[in-house]
Amino acid sequence: MKVTIDNITLEVEPGTTIMQAARMIGPEIAPPAMCYYEPLKGTGGKCRGCLVKVTAGSEKDPRPMPKLVPSCITAVQDGMIVENTINEQVLETRKGIVEFLLLNHPLDCPVCDQAGECHLQDFSFEHGVSSTRTVEERNTFEPVDLGPYIKLNMNRCILCYRCVYAADQLTEGRVHGVMHRGDHAEISTYIEKAIDNDFSGNVIDVCPVGALTDRTYRFKSRVWFSKPEDAHCECEKCSGKVTLWYRGEEVIRVTARKNEWGEVKDFICNTCRFERKKTSDWVIEGPTKIARHSVISANKYGANLIKPSFPIKQAALAYKPIDDNRDRSFLPAKKSLPSSEKK
Amino acid sequence: MKILTEHIEVPGIETIDVYRKHGGYQAVEKALKKMTPDEVTEEVKKSGLRGRGGAGFPVGMKWSFLAKPEGVPRYLVCNADESEPGTFKDHYLMWKSPHTLIEGMIVSSYALGANTSYIYVRGELMYVIYILEKAIQEAYDKGLLGKNILGSGYDLDLYVQSGGGAYICGEETALLESLEGKRGNPRNKPPFPAVKGLWQCPTVVNNVESISATSWIVNNGGDAYAQIGVGRSTGTKLISASGHIRKPGVYEIPLGITVEDFIYSDEWCGGIRDGHKLKAVVAGGSSVPILPAELILTTAAGEKRLMTYESLSDGGFATGTMLGSGGFIVMDETTCIVHNTLTFARFYHHESCGQCSPCREGTGWMDKVIKRIEMGQGRKEDIDLLVDVAKKIEGNTICPLGDAAAWPVAAAIRHFRDEFEWHIEHPELATQPGAVYMRPGASWSN
């Protein structure tokens with residue numbers, strides 16, 4: 001099947017969605033996905049962040065589709081022409097979606113554990129506007145503990161339903177769900193009940209925002225100060241393939257491995273995630289590949305290091321000692337330029 | 001010309017004996033004994049009957065889209081989750097004459113080849129559910145439901161299911177989710193219910209009024225039905241008239257009478273209440289755009305507006321509206337449009353299911369902004385903000401609730417912008433109890 005996305009034509013298998021086809025081309029073309037999560041069946045279509053314009057339905061019926069369609073759940077037709085980043089209407093709508101998602105969001109990134117690996121941050125950075133039009137009071141909820149490992153902060157939730165699908169498909173018996181309706185809908189266990197299951201920790205990984213966070217990692221570090229290493233172990237419950245997050249010599253967090261779309265293919269068990277926090281528990285494979293643009297890669301790898309020497313040199317050349325006729329004879333002898341020149 | 005409500009005032013019509021005395025269940029006998037299912041579908045197609053739930057999609061065409069794979073059950077679901085503010089026709093019909101619906105259900109299920117059918121009734125109408133269940137039991141006792149109906153070899157089981165009181169469950173896929181026992185969230189389409197509906201089986205979802213009309217069509221033929229009405233709007237329609245009129249109530253009208261007739265004729269609404277005059281009309285339930293008096297009586301082109309699908313939507317949303325589900329809300333000049341819009345916006349804010357972000361956040365936002373304007377704390381930029389938010393919701397949601405929430409707000413601002421501006425510019429006047437903006441040149445009485 002032939003499909004054209006943003007003037008790039010490619011061949012795909014029947015049944016491929018527009019999102020999957022766009023991801024084959026690359027991250028520049030792929031629409032943002034806040035609720036769609038490829039490894040979980042049934043996700044997608046909820047956040048409307050990935051809406052695209054179909055300017056020609058198919059070879060047989062080249063009429064454009066009247067509405068924008070969610071690319072994550074719309075299968076491609078032969079000869080379909082899709083406009084994503086080159087369509088004004090799509091970009092305008094996406095701005096609106098960011099605005100809607102942030103409308104009741106507390107914007108507490110400075111104290112949020114997810115900051116730096118948050119999809120909503122990326123989404124609003126790429127597609128949002130810098131100002132706000134709302135003066136309304138935001139809806140608020142009290143943060144609650146879902147058992148010893150998971151913290152739920154409903155204020156940050158965008159109701160993507162990923163954790164609901166994850167609990168449905170990975171664990172036996174889901175104990176949390178969505179209560180109430182509209183903008184007062186919330187993820188809840190109804191009566192405050194612990195989510196207690198060997199695979200429950202995966203809801204933390206699938207959460208695109210900081211609504212579900214790891215209590216054992218809470219406030220320990222900012223993600224860009226920690227250094228990820230791939231590792232594995234022999235585990236009877238899961239694949240044992242994880243990413244260890246180091247701060248210095250200490251493992252401060254264990255997560256499943258995420259691919260370039262932030263998706264986990266091999267889900268891990270709670271023992272791996274919460275109990276094995278010593279280097280000796282693991283076989284280290286090497287540093288995790290992190291996208292260059294990600295804040296996580298900042299200051300870690302030589303290739304990405306931006307040296308501040310150039311502006312300092314410029315400042316040094318322009319430096320002139322101020323002559324205000326004061327008596328400096330009591331001062332020790334001084335070098336004429338700042339010491340940065342040597343570096 | 002009355003089709004559905006002809007015998008509705010007969011005492012005891014809710015019992016099967018009285019109902020049969022007045023010609024009831026003839027359609028079942030005719031259809032099951034003398035016609036094939038395809039012939040019934042063909043008659044409904046010929047009748048031009050359009051869905052009465054709001055969208056106006058031709059019923060016969062919807063039936064013909066039903067996938068019919070071998071060995072997979074098919075279902076007919078009757079959408080009786082009528083919760084649109086201003087619409088109360090299905091409630092009236094089911095309450096007064098439950099057998100009309102049951103007869104239609106049997107005929108329609110036979111045409112579709114469904115052996116199990118459901119009536120999904122709004123949760124608040126508990127007493128209607130009791131009435132329906134009693135009537136269904138009567139039909140079972142007389143051999144009109146169950147195994148081998150009237151010796152024709154056709155089996156049908158009919159169930160009544162109560163909703164939980166959510167407006168969103170009137171959306172057909174949310175209704176199916178709710179019927180399956182899940183949270184009533186609308187599904188992404190495609191696949192449409194005609195292919196994958198209830199329990200992933202082909203399903204047709206129709207409104208109470210559409211289903212009830214099929215028995216008359218079977219009795220009298222599709223052509224006879226098509227002769228009533230104008231153009232593609234055939235047959236009769238139940239209109240729930242409410243608001244500042246002399247005679248509010250449910251009226252069965254032949255499609256094609258003028259709006260002016262409907263409002264002012266003594267046969268129908270009987271005119272605006274004494275000493276007042278028409279200001280605006282919401283013609284098809286709260287979700288359709290509101291129209292000011294001059295545009296509801298005549299189209300922008302100067303023609304008289306008719307009570308038909310086409311005539312009411314003449315001019316698009318710029319100068320037109322929709323027939324919708326037939327909730328005809330009439331407002332006289334004592335109505336504050338801002339307050340009215342706030343009521344609608346608050347309803348959609350409360351009823352949004354919260355699944356997709358534009359509707360979940362947008363409805364709440366619009367509600368809060370309009371509330372601020374109504375309370376005298378509006379800002380100049382709020383009006384354009386409302387228009388923009390409505391535009392960003394419309395068309396970008398999973399189900400039509402987003403559109404339904406955006407349209408009334410956008411239309412109120414389109415036609416009554418001066419009223420919103422007055423609220424913002426003169427908060428001290430606008431927040432007085434009962435204060436209503438008067439357009440320059442308008443007067444209080446006739």
# chains A, B, ... in the order shown; residues from 1 in each chain; ligands from 1
$ interface_residues --of "chain A" --to "chain B" --cutoff "8 Å" --atoms "only C-alpha atoms" --output "PDB file with N, CA and C atoms, in the first residue's frame"
ATOM      1  N   GLY A  45      -6.756   7.525  20.335  1.00  0.00           N
ATOM      2  CA  GLY A  45      -7.992   8.187  19.935  1.00  0.00           C
ATOM      3  C   GLY A  45      -8.566   9.114  20.978  1.00  0.00           C
ATOM      4  N   LYS A  46      -7.896   9.238  22.136  1.00  0.00           N
ATOM      5  CA  LYS A  46      -8.508  10.000  23.217  1.00  0.00           C
ATOM      6  C   LYS A  46      -7.964  11.417  23.359  1.00  0.00           C
ATOM      7  N   CYS A  47      -6.650  11.581  23.225  1.00  0.00           N
ATOM      8  CA  CYS A  47      -6.096  12.904  23.509  1.00  0.00           C
ATOM      9  C   CYS A  47      -6.291  13.870  22.355  1.00  0.00           C
ATOM     10  N   ARG A  48      -6.459  13.364  21.178  1.00  0.00           N
ATOM     11  CA  ARG A  48      -6.659  14.140  19.942  1.00  0.00           C
ATOM     12  C   ARG A  48      -5.426  14.973  19.584  1.00  0.00           C
ATOM     13  N   LEU A  51      -4.210  14.400  15.704  1.00  0.00           N
ATOM     14  CA  LEU A  51      -5.124  14.633  14.585  1.00  0.00           C
ATOM     15  C   LEU A  51      -4.342  15.110  13.355  1.00  0.00           C
ATOM     16  N   LYS A  67     -13.400  15.727   8.403  1.00  0.00           N
ATOM     17  CA  LYS A  67     -12.846  16.165   9.692  1.00  0.00           C
ATOM     18  C   LYS A  67     -11.385  15.741   9.767  1.00  0.00           C
ATOM     19  N   LEU A  68     -10.672  16.322  10.726  1.00  0.00           N
ATOM     20  CA  LEU A  68      -9.348  15.810  11.038  1.00  0.00           C
ATOM     21  C   LEU A  68      -9.515  14.418  11.650  1.00  0.00           C
ATOM     22  N   THR A  93      -5.057  23.312  15.446  1.00  0.00           N
ATOM     23  CA  THR A  93      -5.799  22.432  16.343  1.00  0.00           C
ATOM     24  C   THR A  93      -4.900  21.900  17.445  1.00  0.00           C
ATOM     25  N   GLY A  96      -4.490  24.165  20.162  1.00  0.00           N
ATOM     26  CA  GLY A  96      -5.675  24.115  21.018  1.00  0.00           C
ATOM     27  C   GLY A  96      -5.646  22.930  21.957  1.00  0.00           C
ATOM     28  N   ILE A  97      -5.176  21.784  21.462  1.00  0.00           N
ATOM     29  CA  ILE A  97      -5.141  20.582  22.302  1.00  0.00           C
ATOM     30  C   ILE A  97      -4.170  20.800  23.468  1.00  0.00           C
ATOM     31  N   PHE A 100      -5.880  22.870  25.961  1.00  0.00           N
ATOM     32  CA  PHE A 100      -6.880  22.111  26.723  1.00  0.00           C
ATOM     33  C   PHE A 100      -6.206  21.216  27.766  1.00  0.00           C
ATOM     34  N   LEU A 101      -5.123  20.547  27.361  1.00  0.00           N
ATOM     35  CA  LEU A 101      -4.468  19.625  28.288  1.00  0.00           C
ATOM     36  C   LEU A 101      -3.852  20.374  29.466  1.00  0.00           C
ATOM     37  N   LEU A 103      -5.020  23.160  30.684  1.00  0.00           N
ATOM     38  CA  LEU A 103      -6.020  24.030  31.303  1.00  0.00           C
ATOM     39  C   LEU A 103      -6.165  23.762  32.801  1.00  0.00           C
ATOM     40  N   ASN A 104      -6.208  22.488  33.162  1.00  0.00           N
ATOM     41  CA  ASN A 104      -6.325  22.137  34.577  1.00  0.00           C
ATOM     42  C   ASN A 104      -5.049  21.491  35.102  1.00  0.00           C
ATOM     43  N   ARG A 133      -4.510  31.884  28.189  1.00  0.00           N
ATOM     44  CA  ARG A 133      -5.684  32.729  28.044  1.00  0.00           C
ATOM     45  C   ARG A 133      -6.674  32.495  29.158  1.00  0.00           C
ATOM     46  N   GLU A 136      -9.299  31.150  34.886  1.00  0.00           N
ATOM     47  CA  GLU A 136     -10.180  30.336  35.719  1.00  0.00           C
ATOM     48  C   GLU A 136      -9.377  29.559  36.762  1.00  0.00           C
ATOM     49  N   ILE A 158      -3.765  13.491  32.483  1.00  0.00           N
ATOM     50  CA  ILE A 158      -4.457  13.946  31.282  1.00  0.00           C
ATOM     51  C   ILE A 158      -5.485  12.918  30.820  1.00  0.00           C
ATOM     52  N   LEU A 159      -5.793  11.949  31.653  1.00  0.00           N
ATOM     53  CA  LEU A 159      -6.799  10.920  31.375  1.00  0.00           C
ATOM     54  C   LEU A 159      -6.579  10.237  30.021  1.00  0.00           C
ATOM     55  N   CYS A 160      -5.374   9.734  29.834  1.00  0.00           N
ATOM     56  CA  CYS A 160      -5.059   9.046  28.588  1.00  0.00           C
ATOM     57  C   CYS A 160      -5.521   7.595  28.621  1.00  0.00           C
ATOM     58  N   ARG A 181     -17.132  11.892  35.729  1.00  0.00           N
ATOM     59  CA  ARG A 181     -17.224  12.290  34.324  1.00  0.00           C
ATOM     60  C   ARG A 181     -16.540  13.627  34.106  1.00  0.00           C
ATOM     61  N   GLY A 182     -16.319  13.939  32.833  1.00  0.00           N
ATOM     62  CA  GLY A 182     -15.905  15.276  32.437  1.00  0.00           C
ATOM     63  C   GLY A 182     -14.592  15.683  33.077  1.00  0.00           C
ATOM     64  N   ASP A 183     -14.460  16.986  33.383  1.00  0.00           N
ATOM     65  CA  ASP A 183     -13.178  17.447  33.901  1.00  0.00           C
ATOM     66  C   ASP A 183     -13.018  17.136  35.381  1.00  0.00           C
ATOM     67  N   HIS A 184     -14.026  16.522  36.005  1.00  0.00           N
ATOM     68  CA  HIS A 184     -13.817  16.039  37.365  1.00  0.00           C
ATOM     69  C   HIS A 184     -13.610  14.528  37.387  1.00  0.00           C
ATOM     70  N   ALA A 185     -13.395  13.932  36.217  1.00  0.00           N
ATOM     71  CA  ALA A 185     -13.071  12.504  36.163  1.00  0.00           C
ATOM     72  C   ALA A 185     -11.716  12.287  36.813  1.00  0.00           C
TER      73      ALA A 185
END
$ select_by_dssp --residues "stretch 54-257 of chain A" --states "helix (DSSP H, G or I)" --output "JSON, numbers by chain"
{"A": [88, 89, 90, 91, 92, 93, 94, 95, 96, 97, 98, 99, 100, 101, 102, 103, 109, 110, 111, 119, 120, 121, 122, 123, 124, 125, 126, 127, 154, 155, 156, 162, 163, 164, 165, 166, 167, 168, 169, 170, 182, 183, 184, 202, 203, 204, 205, 206, 223, 224, 225]}
$ write_last_selection --atoms "C-alpha atoms" --output "PDB file, in the first residue's frame"
ATOM      1  CA  GLU A  88      -2.112  24.983   9.027  1.00  0.00           C
ATOM      2  CA  GLN A  89      -5.402  23.615  10.397  1.00  0.00           C
ATOM      3  CA  VAL A  90      -3.645  20.653  12.014  1.00  0.00           C
ATOM      4  CA  LEU A  91      -1.063  22.847  13.721  1.00  0.00           C
ATOM      5  CA  GLU A  92      -3.721  25.282  14.902  1.00  0.00           C
ATOM      6  CA  THR A  93      -5.799  22.432  16.343  1.00  0.00           C
ATOM      7  CA  ARG A  94      -2.748  21.000  18.045  1.00  0.00           C
ATOM      8  CA  LYS A  95      -2.132  24.340  19.725  1.00  0.00           C
ATOM      9  CA  GLY A  96      -5.675  24.115  21.018  1.00  0.00           C
ATOM     10  CA  ILE A  97      -5.141  20.582  22.302  1.00  0.00           C
ATOM     11  CA  VAL A  98      -2.064  21.688  24.266  1.00  0.00           C
ATOM     12  CA  GLU A  99      -4.110  24.516  25.711  1.00  0.00           C
ATOM     13  CA  PHE A 100      -6.880  22.111  26.723  1.00  0.00           C
ATOM     14  CA  LEU A 101      -4.468  19.625  28.288  1.00  0.00           C
ATOM     15  CA  LEU A 102      -2.761  22.371  30.290  1.00  0.00           C
ATOM     16  CA  LEU A 103      -6.020  24.030  31.303  1.00  0.00           C
ATOM     17  CA  CYS A 109       7.222  20.934  36.638  1.00  0.00           C
ATOM     18  CA  PRO A 110       9.839  22.316  39.074  1.00  0.00           C
ATOM     19  CA  VAL A 111       8.699  19.858  41.731  1.00  0.00           C
ATOM     20  CA  HIS A 119       5.506  13.795  27.147  1.00  0.00           C
ATOM     21  CA  LEU A 120       3.263  16.698  28.022  1.00  0.00           C
ATOM     22  CA  GLN A 121       6.318  18.914  28.466  1.00  0.00           C
ATOM     23  CA  ASP A 122       7.615  17.880  25.059  1.00  0.00           C
ATOM     24  CA  PHE A 123       4.187  18.283  23.488  1.00  0.00           C
ATOM     25  CA  SER A 124       3.644  21.763  24.859  1.00  0.00           C
ATOM     26  CA  PHE A 125       7.222  22.773  24.059  1.00  0.00           C
ATOM     27  CA  GLU A 126       6.806  21.710  20.444  1.00  0.00           C
ATOM     28  CA  HIS A 127       3.230  22.724  19.798  1.00  0.00           C
ATOM     29  CA  MET A 154      -4.440  13.414  39.817  1.00  0.00           C
ATOM     30  CA  ASN A 155      -3.820  17.118  39.160  1.00  0.00           C
ATOM     31  CA  ARG A 156      -1.273  16.213  36.516  1.00  0.00           C
ATOM     32  CA  ARG A 162      -2.939   4.104  29.386  1.00  0.00           C
ATOM     33  CA  CYS A 163      -2.640   2.888  32.983  1.00  0.00           C
ATOM     34  CA  VAL A 164      -6.119   1.414  32.773  1.00  0.00           C
ATOM     35  CA  TYR A 165      -5.226  -0.572  29.673  1.00  0.00           C
ATOM     36  CA  ALA A 166      -1.879  -1.538  31.194  1.00  0.00           C
ATOM     37  CA  ALA A 167      -3.535  -2.890  34.322  1.00  0.00           C
ATOM     38  CA  ASP A 168      -6.078  -4.719  32.172  1.00  0.00           C
ATOM     39  CA  GLN A 169      -3.540  -6.343  29.922  1.00  0.00           C
ATOM     40  CA  LEU A 170      -0.548  -6.912  32.188  1.00  0.00           C
ATOM     41  CA  GLY A 182     -15.905  15.276  32.437  1.00  0.00           C
ATOM     42  CA  ASP A 183     -13.178  17.447  33.901  1.00  0.00           C
ATOM     43  CA  HIS A 184     -13.817  16.039  37.365  1.00  0.00           C
ATOM     44  CA  ASN A 202       4.399  -0.685  34.855  1.00  0.00           C
ATOM     45  CA  VAL A 203       1.637   1.890  35.167  1.00  0.00           C
ATOM     46  CA  ILE A 204       4.430   4.297  36.175  1.00  0.00           C
ATOM     47  CA  ASP A 205       6.274   3.670  32.939  1.00  0.00           C
ATOM     48  CA  VAL A 206       3.241   4.008  30.698  1.00  0.00           C
ATOM     49  CA  VAL A 223      16.180  12.980  35.814  1.00  0.00           C
ATOM     50  CA  TRP A 224      18.869  14.958  34.006  1.00  0.00           C
ATOM     51  CA  PHE A 225      21.265  14.526  36.933  1.00  0.00           C
TER      52      PHE A 225
END
$ residues_around --residues "stretch 24-26 of chain A" --least-positions-apart "2" --cutoff "10 Å" --atoms "only C-alpha atoms" --output "number ranges by chain"
A: 5, 8-10, 12, 18-22, 28-31
$ write_last_selection --atoms "N, CA and C atoms" --output "PDB file, in the first residue's frame"
ATOM      1  N   ILE A   5       2.758  10.948   3.262  1.00  0.00           N
ATOM      2  CA  ILE A   5       2.612  11.786   4.456  1.00  0.00           C
ATOM      3  C   ILE A   5       3.556  12.975   4.310  1.00  0.00           C
ATOM      4  N   ILE A   8       5.972  12.838   1.530  1.00  0.00           N
ATOM      5  CA  ILE A   8       6.910  11.725   1.495  1.00  0.00           C
ATOM      6  C   ILE A   8       6.107  10.450   1.275  1.00  0.00           C
ATOM      7  N   THR A   9       6.412   9.715   0.215  1.00  0.00           N
ATOM      8  CA  THR A   9       5.631   8.526  -0.107  1.00  0.00           C
ATOM      9  C   THR A   9       6.382   7.290   0.355  1.00  0.00           C
ATOM     10  N   LEU A  10       5.645   6.348   0.944  1.00  0.00           N
ATOM     11  CA  LEU A  10       6.279   5.098   1.329  1.00  0.00           C
ATOM     12  C   LEU A  10       5.298   3.946   1.196  1.00  0.00           C
ATOM     13  N   VAL A  12       3.642   0.586   2.760  1.00  0.00           N
ATOM     14  CA  VAL A  12       3.399  -0.030   4.064  1.00  0.00           C
ATOM     15  C   VAL A  12       2.504  -1.243   3.903  1.00  0.00           C
ATOM     16  N   ILE A  18      -1.868   5.423  10.289  1.00  0.00           N
ATOM     17  CA  ILE A  18      -1.132   6.587   9.788  1.00  0.00           C
ATOM     18  C   ILE A  18       0.032   6.892  10.717  1.00  0.00           C
ATOM     19  N   MET A  19      -0.219   6.771  12.025  1.00  0.00           N
ATOM     20  CA  MET A  19       0.831   7.030  13.009  1.00  0.00           C
ATOM     21  C   MET A  19       2.034   6.114  12.793  1.00  0.00           C
ATOM     22  N   GLN A  20       1.756   4.802  12.611  1.00  0.00           N
ATOM     23  CA  GLN A  20       2.868   3.859  12.420  1.00  0.00           C
ATOM     24  C   GLN A  20       3.631   4.178  11.147  1.00  0.00           C
ATOM     25  N   ALA A  21       2.897   4.540  10.094  1.00  0.00           N
ATOM     26  CA  ALA A  21       3.561   4.887   8.828  1.00  0.00           C
ATOM     27  C   ALA A  21       4.424   6.125   9.014  1.00  0.00           C
ATOM     28  N   ALA A  22       3.886   7.116   9.745  1.00  0.00           N
ATOM     29  CA  ALA A  22       4.648   8.347   9.956  1.00  0.00           C
ATOM     30  C   ALA A  22       5.882   8.080  10.802  1.00  0.00           C
ATOM     31  N   GLU A  28      10.509  13.516  12.934  1.00  0.00           N
ATOM     32  CA  GLU A  28      10.135  14.861  12.506  1.00  0.00           C
ATOM     33  C   GLU A  28       8.710  14.875  11.966  1.00  0.00           C
ATOM     34  N   ILE A  29       8.289  13.749  11.380  1.00  0.00           N
ATOM     35  CA  ILE A  29       6.979  13.676  10.736  1.00  0.00           C
ATOM     36  C   ILE A  29       5.949  13.061  11.681  1.00  0.00           C
ATOM     37  N   ALA A  30       6.399  12.213  12.611  1.00  0.00           N
ATOM     38  CA  ALA A  30       5.443  11.476  13.452  1.00  0.00           C
ATOM     39  C   ALA A  30       4.609  12.438  14.295  1.00  0.00           C
ATOM     40  N   PRO A  31       3.281  12.275  14.286  1.00  0.00           N
ATOM     41  CA  PRO A  31       2.437  13.127  15.128  1.00  0.00           C
ATOM     42  C   PRO A  31       2.682  12.812  16.602  1.00  0.00           C
TER      43      PRO A  31
END
$ residues_around --residues "B:Thr431" --least-positions-apart "4" --cutoff "10 Å" --atoms "only C-alpha atoms" --output "ChimeraX atom specification"
/B:373-377,423,426-427,435-436
$ write_last_selection --atoms "C-alpha atoms" --output "PDB file, in the first residue's frame"
ATOM      1  CA  ILE B 373     -19.772  36.977  32.217  1.00  0.00           C
ATOM      2  CA  GLU B 374     -23.159  36.271  33.755  1.00  0.00           C
ATOM      3  CA  MET B 375     -21.825  37.186  37.203  1.00  0.00           C
ATOM      4  CA  GLY B 376     -20.566  40.528  35.924  1.00  0.00           C
ATOM      5  CA  GLN B 377     -16.882  39.673  35.846  1.00  0.00           C
ATOM      6  CA  HIS B 423     -23.120  42.010  30.194  1.00  0.00           C
ATOM      7  CA  HIS B 426     -22.516  47.048  32.266  1.00  0.00           C
ATOM      8  CA  PRO B 427     -21.969  44.439  34.942  1.00  0.00           C
ATOM      9  CA  ALA B 435     -32.167  41.970  34.138  1.00  0.00           C
ATOM     10  CA  VAL B 436     -32.461  41.453  30.401  1.00  0.00           C
TER      11      VAL B 436
END
$ residues_around --residues "stretch 204-216 of chain B" --least-positions-apart "5" --cutoff "6 Å" --atoms "only C-alpha atoms" --output "compact mmCIF listing (two decimals) with C-alpha atoms, in the first residue's frame"
# COMPACT_ATOMS: atom_id res chain seq x y z
CA ALA B 27 -48.25 -4.88 11.61
CA GLY B 51 -33.82 8.85 12.18
CA ARG B 52 -35.72 10.81 14.80
CA GLY B 53 -32.95 10.89 17.39
CA LEU B 76 -31.49 -4.22 17.40
CA VAL B 77 -31.10 -1.68 20.18
CA CYS B 78 -33.70 0.97 20.81
CA ASN B 79 -32.20 4.20 22.04
CA ALA B 80 -34.63 5.44 24.68
CA THR B 100 -46.52 1.18 20.04
CA LEU B 101 -42.83 0.81 20.70
CA GLY B 104 -42.27 -1.47 16.21
CA ALA B 194 -23.49 -1.85 11.86
$ select_by_dssp --residues "stretch 49-248 of chain B" --states "strand (DSSP E or B)" --output "compact mmCIF listing (two decimals) with C-alpha atoms, in the first residue's frame"
# COMPACT_ATOMS: atom_id res chain seq x y z
CA ARG B 50 -35.33 9.50 8.77
CA PRO B 58 -32.41 7.55 6.72
CA TYR B 75 -29.00 -7.01 17.50
CA LEU B 76 -31.49 -4.22 17.40
CA VAL B 77 -31.10 -1.68 20.18
CA CYS B 78 -33.70 0.97 20.81
CA ASN B 79 -32.20 4.20 22.04
CA ALA B 80 -34.63 5.44 24.68
CA THR B 116 -32.54 -10.50 20.76
CA SER B 117 -33.38 -6.85 21.08
CA TYR B 118 -32.91 -4.27 23.78
CA ILE B 119 -34.62 -1.10 24.84
CA TYR B 120 -32.12 1.09 26.65
CA VAL B 121 -34.15 3.47 28.78
CA GLY B 146 -40.72 -15.35 22.67
CA LEU B 156 -37.56 -12.70 19.50
CA ASP B 157 -36.57 -11.86 23.06
CA LEU B 158 -37.02 -8.28 24.12
CA TYR B 159 -35.26 -6.82 27.15
CA VAL B 160 -35.46 -3.46 28.86
CA GLN B 161 -32.22 -2.11 30.25
CA SER B 162 -32.04 0.89 32.50
CA THR B 203 -26.04 -3.89 15.62
CA VAL B 204 -28.58 -1.28 14.62
CA VAL B 205 -29.36 1.49 17.09
CA ASN B 206 -32.54 3.46 16.41
CA ASN B 207 -34.55 6.05 18.26
CA GLY B 229 -44.29 15.70 4.38
CA VAL B 230 -42.16 17.71 2.00
CA SER B 233 -38.57 15.06 5.10
CA THR B 234 -41.35 12.52 5.09
CA THR B 236 -44.77 12.95 10.96
CA LYS B 237 -42.56 14.08 13.78
CA LEU B 238 -43.14 14.40 17.48
CA ILE B 239 -42.15 17.87 18.63
CA SER B 240 -41.67 18.63 22.30
CA ALA B 241 -42.70 22.24 22.59
CA SER B 242 -41.66 24.10 25.72
CA GLY B 243 -40.90 27.57 26.91
CA ILE B 245 -45.86 29.43 24.70
$ atom_distance --atom1 "atom CA of A:Ile73" --atom2 "atom CA of B:Lys68"
24.8 Å
$ residues_around --residues "stretch 307-312 of chain B" --least-positions-apart "5" --cutoff "6 Å" --atoms "only C-alpha atoms" --output "number ranges by chain"
B: 233, 255-259, 321-323
$ write_last_selection --atoms "N, CA and C atoms" --output "mmCIF file, in the first residue's frame"
data_model
loop_
_atom_site.group_PDB
_atom_site.id
_atom_site.type_symbol
_atom_site.label_atom_id
_atom_site.label_comp_id
_atom_site.auth_asym_id
_atom_site.auth_seq_id
_atom_site.Cartn_x
_atom_site.Cartn_y
_atom_site.Cartn_z
ATOM 1 N N SER B 233 -38.062 15.153 3.724
ATOM 2 C CA SER B 233 -38.565 15.062 5.097
ATOM 3 C C SER B 233 -39.961 14.479 5.033
ATOM 4 N N LEU B 255 -44.504 16.730 8.861
ATOM 5 C CA LEU B 255 -43.367 17.563 8.486
ATOM 6 C C LEU B 255 -43.768 18.420 7.297
ATOM 7 N N GLY B 256 -43.432 19.691 7.343
ATOM 8 C CA GLY B 256 -43.768 20.554 6.223
ATOM 9 C C GLY B 256 -44.672 21.715 6.590
ATOM 10 N N ILE B 257 -45.225 21.741 7.807
ATOM 11 C CA ILE B 257 -45.969 22.935 8.207
ATOM 12 C C ILE B 257 -44.960 24.045 8.488
ATOM 13 N N THR B 258 -45.425 25.294 8.424
ATOM 14 C CA THR B 258 -44.471 26.372 8.643
ATOM 15 C C THR B 258 -44.197 26.541 10.135
ATOM 16 N N VAL B 259 -43.044 27.090 10.420
ATOM 17 C CA VAL B 259 -42.675 27.331 11.818
ATOM 18 C C VAL B 259 -43.646 28.329 12.441
ATOM 19 N N THR B 321 -30.417 26.420 11.461
ATOM 20 C CA THR B 321 -30.249 25.576 12.638
ATOM 21 C C THR B 321 -30.499 24.134 12.203
ATOM 22 N N MET B 322 -31.062 23.304 13.058
ATOM 23 C CA MET B 322 -31.327 21.907 12.715
ATOM 24 C C MET B 322 -32.654 21.486 13.333
ATOM 25 N N LEU B 323 -33.282 20.473 12.737
ATOM 26 C CA LEU B 323 -34.499 19.936 13.352
ATOM 27 C C LEU B 323 -34.137 19.099 14.572
#
$ atom_distance --atom1 "atom CA of A:Cys112" --atom2 "atom CA of A:Cys269"
24.2 Å
$ closest_residue --among "B:Gly324, B:Gly113, B:Ile106, B:Pro408" --to "B:Glu70" --atoms "only C-alpha atoms"
B:Gly113
$ residues_around --residues "stretch 37-48 of chain B" --least-positions-apart "5" --cutoff "7 Å" --atoms "only C-alpha atoms" --output "number ranges by chain"
B: 31, 58, 60-61, 110-112, 214, 217-218, 221-223, 225-226, 232, 234
$ atom_distance --atom1 "atom CA of A:Pro287" --atom2 "atom CA of A:Asp230"
5.9 Å
